[in-house]
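A short write-up of the structure that comes next.
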Amino acid sequence: MRNLILPLACLLAAVAAFFVFPYDLAFLTRIVIMIVFVLSIDLVLGYAGIPTLGQAAMYGSGAYAAGLFSIHVWGDPLAGLAVGALAGAAIAALSGLVVMRARGLTLIMLTIAVAAILHELANRARGLTGGADGLRGIRVDPVLGLFEFDFIGRTGYWYALAVAVAVFVLLAVIVRSPFGLSLRGIHESPARMTAIGASVYWRQITAYVIGGAVAGIAGALAAQITQLVSLEVFAFALSAEAVIMLILGGTGRLTGAVIGTTLFMTVEHIAAANDPFNWLFVIGALVLAVVFFLPAGLIALPRALTGLIVDKGGRDADRT
Amino acid sequence: MDLFLNIAVDGVAYGMILFMIAVGLSVTMGLMRVINLAHGGFALIGGALAHWLGREVGLPFWIAATLAIAGTVAIALPLERVLYRRIYGFGELQQVLATIGLTFLMIASVNLWQGSTLLAIDLPPALRAPVDLGFRTLPAHRLAVIALGLAVIAGLWLLLERTRFGIRLRAAVDNRATASAHGIDTGLIYMVTFALGAALAALGGIFGAELLPIDAYYPLRYMVLFLIVVAVGGMGSIAGSFAAALGLGVIETAARYLVPDLATLAFYGIVIALLAARPQGLMGRV
Amino acid sequence: MKIKGTLALGAAVSALAFSTAHADTIRVGVIAPFSGPFALYGTQYQQAIETYQAQHGTSVGEHEIEFVFKDVGGPNPDQARALAQELLIREKVDYLAGFTFTPNALAVAPLIEQSQTPTVIFNAATSSINRESEFFLRTSYTLWQVSEPLADWAYDQGIRTAITTVADYGPGIDAENAFRAAFEEKGGEVMDSIRMPLSTTDFTPFLQSVRDAAPDAVFAFLPGGPPTFTYTKTYNENGLRDAGIRFLGTAETEESNLQALGDQAIGLTTAYHYSEAHDTDANREFLAALREDHPDAVANWAMVGAYDGVHLIYHMVEAAGSDGPAAVESALGLEWESPRGPLTMDPETRTVVQNVYIREVERNAETGMLENAEKGMIATVGDLGWDR
C-alpha cells in the first residue's frame, strides 16, 4: 500500500497542474512525454542494469514510424502509438542481439553507434523523412474519434498523461513479475543468475525490447503533439539528457524517473527563462549537488532526511 | 598508387590527432577506472587558455601552449582534491553524472569568459607552411602532431613500464588497499596521474585544434569521438588507444576518399563490427 | 477539426486581442537560441532589436511595442512549438519572430495559420517554409538566392570547371543543386559533386581529391562554426589556393567567425546579401547605433536579418495594429532602404528581394580587421528557389 502513495501523489499533482497552470499545457505535455521516455530508460538501465546512452535510437524510430504512418496510412493517434511501439521494439530487438553481447563501456558505445547510424540514415533518406528540414504534414485524428487536438493543448495534455499512466502501470506490473525480479537478480549478480540456469542474454534482450517499445511510444507521442519530426530525435544529447534526469531522480524506481524528469525540466525551463546564457551553471550545480549529497537520487530525499533525524536520535541514545 | 599514399598519409595524420585528444582519457578512464566525461572539459580549458594567452595577451605560440597546459593542471589539481577524490569511489552511474555536471560547469564558465564563438589558436609560421612530400604537400603541423604523438606514446610507455612511479601506479590501481598497506601513498599517485591526464587533455586540445577547433561546447561536441577511441582500443590500454586511433583514422580517411557521402555510416558500421567482435577492445584487459 | 480549433482559439484570442488593443501594447514573441552552441544568434537578434528601438523608439502610431524572448536552444521543433503556444496563449503576443532553424519554423506553421499571427523569419533559409503558411514573412534570404548568382558570376569571370563540396544535409544539397543548375545552364562543367558528412572533422581527403582533379574553382557550402574553420584552413594548407583553384562560397566568411579564421581567409570569394563593410550611409548609421550600446558587437547577416525584421514589424503594427491578415497584406510589396541595400517584400514568395554582392575577404588597412570587401553586385534577386 505504501508503494502506491508516491505514484498517486504524482498523478494528483499532474491533474492539479492542468488547473493551476492552464497556460503552460504545452510545456507540461513535453514533461509528460519525456517522463515516458525516461521510464523506458529506467527499465533498461535501472532494472536490467544495461548501461545505455543510445535510447534515442528507439525514440526516434517510434517518432518517424508514427509520423509516416499518420501521413501515408491512417491518422488515428492510438494506432500511431502502436506503430511507434512496434518500431521501437523492432530496432531494440535487432540492435539488442549485437549490443547485449558486450558489457560496460563497450555496450554504451554500441548503443551510441546504433543511434548515430539511424541519425545518418534518416538524414540521407530525405525523400522519405524530409532530412534536416524535418518530416512535415503529420495530421492526427481525434482521440478515440471523440477528442480533437486543440490549439491550447488540453486534449494533448490529457492524452499524453493517460498514455504515461498506462505505461507506468504496465511497467510496474512487469518489474514485480517473476521476469522483473529475475532482471533485478541479473543486475545484482549476473554470475548467480547464470548459475541457477537463467539466460542472462535473452532476459536482457527482452527487457531492452520492452524498453524500446516504451521509448517508441514516447517518440510517437512527441511526433503527434508537435506534428513534425526532426533529425534531433536521434541525437546523443537527447539520450544523455534523459539518463541524467533518471539518475537525478533515482534509478531502479519508477517514481524516480517521474521526479527526476519533472525537476530537471522545470529547473531548466525557469533558469533558461531567467538567464539563458548562464543556465548551464544552475544545471551543473544541481547535478553535482544531487550526486554528492543524494547518491541514490532525489527519490531518496525523504529517507535521507529521516535518516538524519534517526541518526541523531541514535547518537543521543548512545550518550544517555 | 597516389590514392593509396594519400590515404596512408592523411589517415595517419588524422589518426594521430585522434590519439592526441583521446590519450588523456585513456589515462584517467583506462588506468584510474574513473568514467571521466569531463576529459573534453580539460581539453577545452587548455585550448581556451592558449587562445587567450596567444591572441589577447600576445604571447608566442610555444609559450602560450606551455602556460596553458600548466594552467590546466593548476585547475585540475584542486578539482582532484575536492571532487575527484570522492568520485573514484562512486558507482559507474554516479561517476557519469558527477563528471557530466562538472563538464556543464566548465562549459558555462568558458562561455561566460570567452563567449560561444570559435577560439582560434594561431600557429607559428613554421607549423603553417606546407611540406613537400614528393608526390604532394602536407601542412607542417600534421607532421609535428605525428612526431608529438610518437613522443607521447614513448614517454608514457617509459613512465608506466620503466619507472617506480609506473609500478606503484599499477599496484595502486589493481588493489588500492594492498598498495597502501605496502606504504605506497596512493592518494599522491592518483593525484599525479590525474594531473597527467589533464595535461594530456590540454595538449591534445591545443594541438588537435587544427581539426577540432575549440569553442565552449567542445566537450559535448566531441565526447563520443573520444569515447569511441578508448572503447575500441580497450579500457586500460594506452597501446590499444594508439592502435585504435590510427586504425580508425586510416579507415575513415579511406572512406572519405572512396565513398565520401557514406563515410559516417562506414565509420560507425566499422566501430560496431569491431566492438561486437572484440568487446574488450583491441588490447583491453579481460 | 480546423474550424472548431480556430473558433476555440478565436474565443481565447479575441478576449486578449481586445484587452491588448485597449492597453495599446503590441507584443512580439521572439523564438531563438539564447543558450547552447547557437546562442550567438539569440544575442544578435536581441542586439538588433535593441538597436532598432534605440533609433526609432518603442512605439509606433498609438501602439507601444514590446518584445518577449524565448530560448529554444537549437534545432528543436518540439520546444519551438511549445514556446509558440506559450507565447500566443499566455504572453498574448500578436506577432512572432526569430527562427534560426528550418524545422523550428515549420513546427509553428499550423499554429500561426490557426491564430493568424504574422511571423517574421529572421534567418531560416529553406525556400519551402513560406509555402506552409501565408503568415510567414522572411527578411533573411534563401539558399537559391545567393548560390545561383554566384554560379553566373563565376562563369562570367572565365571559370569553366568547378567541383561542388557541400555538407550532406538539406541546405547543403539545396546549395549544390542551385549552383550546379545555374553553372551548367551557362555552359560550365561541374566535374564532381562531393557531399561531405555533417560530422566531418578532417576535410583533407575531400580537398585533396579536388586538388588532384584541378578544376578552376571549388564551391563550398558548410554549416557555420567548426566545419567552416577547418575547411578553409585545409583549403589553404593543402595548397588549393596556390594551385589556383578559386574558393567560391556563401555564408562561410560571415562576420561572427571571420576574425577567428585569420589570414587564411584572405582572398576567399563569396556571394552574399550583407557585409559589415557595405559602404552606404544606412549601414554606417546602423553600425554606429549598434556600437553605441554594444561596443563589441559584430554585425552580420543574422543581425541585419533581425534588424530588417523589426522594421517590417513596426510597419505592420503601424498599418494594421494587431489585425494579422491586414498586417501581412500591408507588408506585401513594401520597399525600404536597409543597411544591406534596397529591399522589397515580394508579394508572392514573402521573402525579401535584394541585391546579392560578390565579396572578397581583405584585411582593412585602417582597422587591421578582416572584412568582406564588395567587388560586384547582382541587383534585385528574388527567391529563386520558390518554384523548384
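The chains in the C-alpha cells are called A, B, ... from first to last as shown; in each chain the residues are counted from 1, and the ligands are counted from 1 in the order shown.
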Could you give me, as a Markdown table, every chain A residue with an atom at most 8 Å from chain C, plus its closest atom pair and distance in Å to one decimal, counting only C-alpha atoms, rows ordered by chain then number?
| residue | atom | partner | partner_atom | distance |
| --- | --- | --- | --- | --- |
| A:Tyr23 | CA | C:Arg90 | CA | 5.3 |
| A:Asp24 | CA | C:Glu86 | CA | 6.2 |
| A:Ala26 | CA | C:Ala82 | CA | 4.9 |
| A:Phe27 | CA | C:Ala82 | CA | 5.9 |
| A:Arg30 | CA | C:Asp78 | CA | 7.8 |
| A:Asn123 | CA | C:Tyr169 | CA | 6.5 |
| A:Arg124 | CA | C:Tyr169 | CA | 7.4 |
| A:Arg126 | CA | C:Gly170 | CA | 7.7 |
| A:Gly131 | CA | C:Gly170 | CA | 6.1 |
| A:Ala132 | CA | C:Gly170 | CA | 5.3 |
| A:Asp133 | CA | C:Pro103 | CA | 5.1 |
| A:Gly134 | CA | C:Pro103 | CA | 5.4 |
| A:Arg136 | CA | C:Leu106 | CA | 7.6 |
| A:Glu148 | CA | C:Met1 | CA | 6.6 |
| A:Phe149 | CA | C:Met1 | CA | 8.0 |
| A:Asp150 | CA | C:Gly5 | CA | 5.6 |
| A:Phe151 | CA | C:Gly5 | CA | 6.1 |
| A:Ile152 | CA | C:Gln85 | CA | 6.9 |
| A:Ala222 | CA | C:Asp78 | CA | 7.1 |
| A:Thr226 | CA | C:Asp78 | CA | 5.5 |
| A:Gln227 | CA | C:Ala107 | CA | 7.0 |
| A:Leu228 | CA | C:Ala107 | CA | 6.0 |
| A:Val229 | CA | C:Pro77 | CA | 7.5 |
| A:Ser230 | CA | C:Pro103 | CA | 6.5 |
| A:Glu232 | CA | C:Asn76 | CA | 6.9 |
| A:Ala272 | CA | C:Asp71 | CA | 6.7 |
| A:Ala273 | CA | C:Lys70 | CA | 6.8 |
| A:Pro276 | CA | C:Ser35 | CA | 5.3 |
| A:Phe277 | CA | C:Ser35 | CA | 5.2 |
| A:Asn278 | CA | C:Ser35 | CA | 7.6 |
| A:Trp279 | CA | C:Ser35 | CA | 7.9 |
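Proximity to chain C at a cut-off of 8 Å picks out Asn6, Ile7, Asp10, Tyr14, Ser116, Thr117, Leu118, Leu119, Ala120, Arg128, Ala129, Pro130, Thr137, Leu138, Pro139, Glu210, Leu211, Leu212, Pro213, Ala216, Tyr217, Thr253, Arg256, Tyr257, Pro260, Asp261, Leu262, Ala263 and Thr264 of chain B on chain B, counting only C-alpha atoms.
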message: So that I can see what lies close to Ala166 in chain A, please list as a list of chain:residue names the residues with an atom at most 12 Å from it, counting only C-alpha atoms and leaving out residues fewer than 5 positions away in the same chain.
response: A:Leu11, A:Val36, A:Leu39, A:Tyr159, A:Ala160, A:Leu161, A:Leu171, A:Ala172, A:Val173, A:Val214, A:Ile217
Would you write out those residues with N, CA and C atoms, as a JSON list (two decimals), in the first residue's frame?
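Output saved as out18.json:
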[["chain", "number", "residue", "atom", "x", "y", "z"],
["A", 11, "LEU", "N", 0.42, 11.56, -9.68],
["A", 11, "LEU", "CA", -0.72, 11.64, -10.59],
["A", 11, "LEU", "C", -1.62, 12.81, -10.21],
["A", 36, "VAL", "N", 7.72, 9.50, -20.09],
["A", 36, "VAL", "CA", 7.55, 8.18, -20.72],
["A", 36, "VAL", "C", 8.89, 7.68, -21.24],
["A", 39, "LEU", "N", 11.14, 6.69, -18.37],
["A", 39, "LEU", "CA", 10.69, 5.42, -17.80],
["A", 39, "LEU", "C", 11.26, 4.25, -18.60],
["A", 159, "TYR", "N", -4.25, 13.37, -23.16],
["A", 159, "TYR", "CA", -3.87, 12.21, -23.97],
["A", 159, "TYR", "C", -2.48, 11.71, -23.54],
["A", 160, "ALA", "N", -1.52, 12.62, -23.47],
["A", 160, "ALA", "CA", -0.16, 12.23, -23.09],
["A", 160, "ALA", "C", -0.15, 11.69, -21.67],
["A", 161, "LEU", "N", -0.93, 12.34, -20.78],
["A", 161, "LEU", "CA", -0.95, 11.88, -19.39],
["A", 161, "LEU", "C", -1.54, 10.48, -19.29],
["A", 171, "LEU", "N", 4.63, -0.97, -16.65],
["A", 171, "LEU", "CA", 6.00, -1.22, -16.18],
["A", 171, "LEU", "C", 6.00, -1.68, -14.73],
["A", 172, "ALA", "N", 5.09, -1.10, -13.91],
["A", 172, "ALA", "CA", 5.03, -1.50, -12.51],
["A", 172, "ALA", "C", 4.68, -2.98, -12.40],
["A", 173, "VAL", "N", 3.77, -3.44, -13.27],
["A", 173, "VAL", "CA", 3.40, -4.86, -13.26],
["A", 173, "VAL", "C", 4.60, -5.70, -13.70],
["A", 214, "VAL", "N", 8.52, 1.13, -25.27],
["A", 214, "VAL", "CA", 8.08, 2.29, -24.50],
["A", 214, "VAL", "C", 8.72, 3.58, -25.05],
["A", 217, "ILE", "N", 6.93, 4.58, -28.03],
["A", 217, "ILE", "CA", 5.66, 5.25, -27.71],
["A", 217, "ILE", "C", 5.92, 6.73, -27.39]]
query: range 17-206 of chain A: which residues are helix (DSSP H, G or I) by DSSP, as number ranges by chain?
result: A: 17-20, 25-47, 56-72, 77-99, 104-124, 126-129, 131-133, 154-176, 178-188, 190-195, 200-206
- request: Please indicate the distance in Å from CA of Arg211 in chain C to CA of Glu252 in chain C, rounded to one decimal place.
  value: 19.8 Å
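The two atoms in question, CA of Leu294 in chain A and CA of Gly101 in chain B, are spaced 14.2 Å apart.
Taking CA of Arg101 in chain A and CA of Ala85 in chain A as the two end points, the separation is 23.7 Å.
If only C-alpha atoms are the atoms counted, then among B:Ala243, B:Val110, B:Ile45, B:Ala68 the closest residue to chain A is B:Val110.
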Using only C-alpha atoms, what table do you get, as JSON lines, when you list each residue of chain A with an atom no more than 10 Å from chain B, its nearest pair of atoms, and their distance in Å rounded to one decimal, rows by chain then rising number?
{"residue": "A:Leu45", "atom": "CA", "partner": "B:Leu93", "partner_atom": "CA", "distance": 9.6}
{"residue": "A:Gly46", "atom": "CA", "partner": "B:Leu93", "partner_atom": "CA", "distance": 10.0}
{"residue": "A:Pro51", "atom": "CA", "partner": "B:Leu93", "partner_atom": "CA", "distance": 8.4}
{"residue": "A:Val98", "atom": "CA", "partner": "B:Ala276", "partner_atom": "CA", "distance": 6.4}
{"residue": "A:Val99", "atom": "CA", "partner": "B:Ala276", "partner_atom": "CA", "distance": 7.3}
{"residue": "A:Met100", "atom": "CA", "partner": "B:Ala276", "partner_atom": "CA", "distance": 9.4}
{"residue": "A:Arg101", "atom": "CA", "partner": "B:Ala276", "partner_atom": "CA", "distance": 7.2}
{"residue": "A:Ala102", "atom": "CA", "partner": "B:Pro279", "partner_atom": "CA", "distance": 5.4}
{"residue": "A:Arg103", "atom": "CA", "partner": "B:Pro279", "partner_atom": "CA", "distance": 7.3}
{"residue": "A:Gly104", "atom": "CA", "partner": "B:Glu92", "partner_atom": "CA", "distance": 9.1}
{"residue": "A:Leu105", "atom": "CA", "partner": "B:Ala231", "partner_atom": "CA", "distance": 6.4}
{"residue": "A:Thr106", "atom": "CA", "partner": "B:Ala231", "partner_atom": "CA", "distance": 5.8}
{"residue": "A:Leu107", "atom": "CA", "partner": "B:Pro279", "partner_atom": "CA", "distance": 8.0}
{"residue": "A:Ile108", "atom": "CA", "partner": "B:Ala231", "partner_atom": "CA", "distance": 9.2}
{"residue": "A:Met109", "atom": "CA", "partner": "B:Ile228", "partner_atom": "CA", "distance": 6.5}
{"residue": "A:Leu110", "atom": "CA", "partner": "B:Ile272", "partner_atom": "CA", "distance": 6.0}
{"residue": "A:Thr111", "atom": "CA", "partner": "B:Ile272", "partner_atom": "CA", "distance": 9.2}
{"residue": "A:Ile112", "atom": "CA", "partner": "B:Val224", "partner_atom": "CA", "distance": 7.9}
{"residue": "A:Ala113", "atom": "CA", "partner": "B:Tyr268", "partner_atom": "CA", "distance": 5.7}
{"residue": "A:Val114", "atom": "CA", "partner": "B:Tyr268", "partner_atom": "CA", "distance": 7.9}
{"residue": "A:Ala115", "atom": "CA", "partner": "B:Tyr268", "partner_atom": "CA", "distance": 9.8}
{"residue": "A:Ala116", "atom": "CA", "partner": "B:Tyr268", "partner_atom": "CA", "distance": 7.3}
{"residue": "A:Ile117", "atom": "CA", "partner": "B:Leu265", "partner_atom": "CA", "distance": 6.0}
{"residue": "A:Leu118", "atom": "CA", "partner": "B:Leu265", "partner_atom": "CA", "distance": 9.1}
{"residue": "A:His119", "atom": "CA", "partner": "B:Leu265", "partner_atom": "CA", "distance": 9.7}
{"residue": "A:Glu120", "atom": "CA", "partner": "B:Leu265", "partner_atom": "CA", "distance": 6.8}
{"residue": "A:Leu121", "atom": "CA", "partner": "B:Leu265", "partner_atom": "CA", "distance": 8.0}
{"residue": "A:Arg124", "atom": "CA", "partner": "B:Asp261", "partner_atom": "CA", "distance": 9.1}
{"residue": "A:Phe236", "atom": "CA", "partner": "B:Val224", "partner_atom": "CA", "distance": 8.5}
{"residue": "A:Ala237", "atom": "CA", "partner": "B:Leu220", "partner_atom": "CA", "distance": 8.3}
{"residue": "A:Ala240", "atom": "CA", "partner": "B:Ile100", "partner_atom": "CA", "distance": 9.5}
{"residue": "A:Glu241", "atom": "CA", "partner": "B:Ile100", "partner_atom": "CA", "distance": 9.9}
{"residue": "A:Val243", "atom": "CA", "partner": "B:Leu97", "partner_atom": "CA", "distance": 8.7}
{"residue": "A:Ile244", "atom": "CA", "partner": "B:Leu97", "partner_atom": "CA", "distance": 6.4}
{"residue": "A:Met245", "atom": "CA", "partner": "B:Leu97", "partner_atom": "CA", "distance": 9.6}
{"residue": "A:Ile247", "atom": "CA", "partner": "B:Leu97", "partner_atom": "CA", "distance": 7.2}
{"residue": "A:Leu248", "atom": "CA", "partner": "B:Leu97", "partner_atom": "CA", "distance": 8.1}
{"residue": "A:Thr251", "atom": "CA", "partner": "B:Leu93", "partner_atom": "CA", "distance": 9.2}
{"residue": "A:Phe277", "atom": "CA", "partner": "B:Leu112", "partner_atom": "CA", "distance": 7.9}
{"residue": "A:Asn278", "atom": "CA", "partner": "B:Ala108", "partner_atom": "CA", "distance": 6.3}
{"residue": "A:Trp279", "atom": "CA", "partner": "B:Ala108", "partner_atom": "CA", "distance": 8.0}
{"residue": "A:Leu280", "atom": "CA", "partner": "B:Ala108", "partner_atom": "CA", "distance": 5.7}
{"residue": "A:Phe281", "atom": "CA", "partner": "B:Leu105", "partner_atom": "CA", "distance": 5.4}
{"residue": "A:Val282", "atom": "CA", "partner": "B:Leu105", "partner_atom": "CA", "distance": 8.4}
{"residue": "A:Ile283", "atom": "CA", "partner": "B:Gly101", "partner_atom": "CA", "distance": 7.4}
{"residue": "A:Gly284", "atom": "CA", "partner": "B:Gly101", "partner_atom": "CA", "distance": 4.3}
{"residue": "A:Ala285", "atom": "CA", "partner": "B:Gly101", "partner_atom": "CA", "distance": 6.8}
{"residue": "A:Leu286", "atom": "CA", "partner": "B:Gly101", "partner_atom": "CA", "distance": 7.9}
{"residue": "A:Val287", "atom": "CA", "partner": "B:Gly101", "partner_atom": "CA", "distance": 5.3}
{"residue": "A:Leu288", "atom": "CA", "partner": "B:Ala98", "partner_atom": "CA", "distance": 5.5}
{"residue": "A:Ala289", "atom": "CA", "partner": "B:Ala98", "partner_atom": "CA", "distance": 8.8}
{"residue": "A:Val290", "atom": "CA", "partner": "B:Ala98", "partner_atom": "CA", "distance": 8.8}
{"residue": "A:Val291", "atom": "CA", "partner": "B:Ala98", "partner_atom": "CA", "distance": 6.1}
{"residue": "A:Phe292", "atom": "CA", "partner": "B:Ala98", "partner_atom": "CA", "distance": 7.9}
{"residue": "A:Pro295", "atom": "CA", "partner": "B:Gln94", "partner_atom": "CA", "distance": 6.9}
{"residue": "A:Ala296", "atom": "CA", "partner": "B:Gln94", "partner_atom": "CA", "distance": 8.7}
{"residue": "A:Gly297", "atom": "CA", "partner": "B:Gln94", "partner_atom": "CA", "distance": 9.5}
Include C-alpha atoms and write out the residues we just selected as a tab-separated table (two decimals), in the first residue's frame.
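Final file, again.tsv:
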chain	number	residue	atom	x	y	z
A	45	LEU	CA	19.26	0.83	-17.06
A	46	GLY	CA	17.69	0.92	-13.62
A	51	PRO	CA	24.12	0.98	-19.35
A	98	VAL	CA	24.61	-7.42	-31.01
A	99	VAL	CA	24.63	-4.88	-28.20
A	100	MET	CA	23.80	-7.29	-25.36
A	101	ARG	CA	26.88	-9.38	-26.09
A	102	ALA	CA	29.04	-6.60	-24.69
A	103	ARG	CA	29.44	-5.09	-21.23
A	104	GLY	CA	30.29	-1.76	-19.67
A	105	LEU	CA	31.84	0.93	-21.82
A	106	THR	CA	31.71	-1.21	-24.96
A	107	LEU	CA	27.98	-1.68	-24.53
A	108	ILE	CA	27.49	2.07	-24.04
A	109	MET	CA	29.45	2.81	-27.20
A	110	LEU	CA	27.44	0.28	-29.19
A	111	THR	CA	24.17	1.92	-28.16
A	112	ILE	CA	25.58	5.31	-29.17
A	113	ALA	CA	26.74	3.96	-32.53
A	114	VAL	CA	23.31	2.48	-33.31
A	115	ALA	CA	21.63	5.84	-32.71
A	116	ALA	CA	24.29	7.61	-34.81
A	117	ILE	CA	23.72	5.26	-37.74
A	118	LEU	CA	19.96	5.77	-37.60
A	119	HIS	CA	20.53	9.55	-37.49
A	120	GLU	CA	22.64	9.37	-40.63
A	121	LEU	CA	20.14	7.07	-42.38
A	124	ARG	CA	20.15	10.51	-46.14
A	236	PHE	CA	23.15	11.79	-28.49
A	237	ALA	CA	22.22	14.83	-26.40
A	240	ALA	CA	22.34	11.66	-22.45
A	241	GLU	CA	19.95	14.24	-21.01
A	243	VAL	CA	19.88	9.45	-18.49
A	244	ILE	CA	20.85	12.47	-16.39
A	245	MET	CA	17.19	13.02	-15.50
A	247	ILE	CA	19.96	9.32	-12.28
A	248	LEU	CA	18.88	12.63	-10.73
A	251	THR	CA	17.40	4.59	-10.84
A	277	PHE	CA	23.19	32.48	-21.26
A	278	ASN	CA	24.15	31.04	-17.91
A	279	TRP	CA	21.53	28.45	-17.02
A	280	LEU	CA	24.06	25.67	-17.57
A	281	PHE	CA	25.66	26.79	-14.27
A	282	VAL	CA	22.41	26.01	-12.48
A	283	ILE	CA	22.00	22.60	-14.10
A	284	GLY	CA	25.65	21.70	-13.47
A	285	ALA	CA	25.40	22.69	-9.80
A	286	LEU	CA	22.14	20.80	-9.39
A	287	VAL	CA	23.64	17.64	-10.89
A	288	LEU	CA	26.74	17.84	-8.70
A	289	ALA	CA	24.72	18.57	-5.57
A	290	VAL	CA	22.49	15.54	-6.11
A	291	VAL	CA	25.32	13.16	-6.89
A	292	PHE	CA	27.33	14.24	-3.86
A	295	PRO	CA	23.80	9.50	-4.40
A	296	ALA	CA	20.64	7.39	-4.64
A	297	GLY	CA	18.81	10.25	-6.34
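Nearest-residue note for Thr100 in chain C: choosing from C:Ala151, C:Ala277, C:Ala302, C:Leu137, the minimum distance belongs to C:Ala302, counting only C-alpha atoms.
Checking B:Gly197, B:Gly208, B:Ile75, B:Arg168 one by one against Gly183 in chain B, counting only C-alpha atoms, you find the shortest gap at B:Arg168.
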- prompt: Which residue gives the smallest distance to Gly382 in chain C among C:Glu285, C:Glu148, C:Glu176, C:Asp192, with only C-alpha atoms counted?
  reply: C:Glu148
Contacts of Tyr141 in chain C within 7 Å, only C-alpha atoms, excl. fewer than 5 positions in-chain, as a short mmCIF file (atom, residue, chain, number, x, y, z; two decimals) with N, CA and C atoms, in the first residue's frame:
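Generated output (out.cif):
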data_model
loop_
_atom_site.label_atom_id
_atom_site.label_comp_id
_atom_site.auth_asym_id
_atom_site.auth_seq_id
_atom_site.Cartn_x
_atom_site.Cartn_y
_atom_site.Cartn_z
N ALA C 125 16.59 29.50 -43.92
CA ALA C 125 16.79 29.85 -45.33
C ALA C 125 16.29 28.81 -46.32
N THR C 351 9.48 36.54 -49.32
CA THR C 351 10.89 36.66 -48.95
C THR C 351 11.38 37.96 -49.58
N VAL C 352 12.33 38.64 -48.93
CA VAL C 352 12.75 39.92 -49.48
C VAL C 352 13.52 39.74 -50.79
#
- prompt: Counting only C-alpha atoms, what is within 10 Å of Met34 in chain A, bar same-chain residues fewer than 5 positions away, as a PyMOL selection string?
  reply: chain A and resi 28-29+39-40+164+215+218-219+221-222+238+242+245+257-258+261-262+265
Could you write out the selected residues, including N, CA and C atoms, as a tab-separated table (two decimals), in the first residue's frame?
chain	number	residue	atom	x	y	z
A	28	LEU	N	3.92	21.44	-20.05
A	28	LEU	CA	3.59	20.29	-19.20
A	28	LEU	C	3.52	19.01	-20.04
A	29	THR	N	2.98	19.14	-21.24
A	29	THR	CA	2.88	17.97	-22.12
A	29	THR	C	4.27	17.46	-22.48
A	39	LEU	N	11.14	6.69	-18.37
A	39	LEU	CA	10.69	5.42	-17.80
A	39	LEU	C	11.26	4.25	-18.60
A	40	SER	N	11.33	4.41	-19.92
A	40	SER	CA	11.87	3.32	-20.74
A	40	SER	C	13.33	3.08	-20.37
A	164	ALA	N	1.00	8.07	-20.38
A	164	ALA	CA	2.06	7.94	-19.38
A	164	ALA	C	1.61	7.06	-18.22
A	215	ALA	N	10.02	3.50	-25.38
A	215	ALA	CA	10.68	4.67	-25.96
A	215	ALA	C	10.02	5.03	-27.29
A	218	ALA	N	6.98	6.98	-26.63
A	218	ALA	CA	7.31	8.37	-26.29
A	218	ALA	C	7.59	9.17	-27.56
A	219	GLY	N	8.37	8.59	-28.47
A	219	GLY	CA	8.68	9.27	-29.73
A	219	GLY	C	7.42	9.53	-30.53
A	221	LEU	N	4.37	9.86	-29.41
A	221	LEU	CA	3.63	10.93	-28.75
A	221	LEU	C	4.17	12.29	-29.17
A	222	ALA	N	5.50	12.43	-29.13
A	222	ALA	CA	6.11	13.71	-29.49
A	222	ALA	C	5.78	14.06	-30.94
A	238	LEU	N	19.95	13.94	-26.57
A	238	LEU	CA	18.65	13.53	-26.04
A	238	LEU	C	18.82	12.32	-25.12
A	242	ALA	N	18.33	12.44	-20.98
A	242	ALA	CA	17.32	11.57	-20.34
A	242	ALA	C	17.97	10.72	-19.25
A	245	MET	N	18.45	12.84	-16.23
A	245	MET	CA	17.19	13.02	-15.50
A	245	MET	C	16.90	11.80	-14.64
A	257	ALA	N	12.10	8.13	-11.99
A	257	ALA	CA	12.09	8.68	-13.35
A	257	ALA	C	11.14	9.87	-13.44
A	258	VAL	N	9.98	9.72	-12.80
A	258	VAL	CA	8.97	10.79	-12.87
A	258	VAL	C	9.51	12.06	-12.19
A	261	THR	N	12.74	13.69	-14.00
A	261	THR	CA	12.39	14.39	-15.24
A	261	THR	C	11.69	15.70	-14.95
A	262	THR	N	10.71	15.64	-14.04
A	262	THR	CA	9.94	16.85	-13.73
A	262	THR	C	10.86	17.93	-13.17
A	265	MET	N	13.45	19.30	-15.94
A	265	MET	CA	12.85	20.14	-16.98
A	265	MET	C	12.30	21.44	-16.41
message: List as a PyMOL selection string the protein and nucleic acid residues near Ala201 in chain B, meaning an atom at most 9 Å away when only C-alpha atoms are counted, but skip any in the same chain fewer than 2 places from it.
response: chain B and resi 20-25+39-44+46+69+72+196-199+203-206
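When the distance limit is 7 Å and only C-alpha atoms are what count, the residues near Arg184 in chain A, minus those fewer than 4 positions from it on the same chain, are A:Tyr47, A:Ala48, A:Gly180, A:Glu188.
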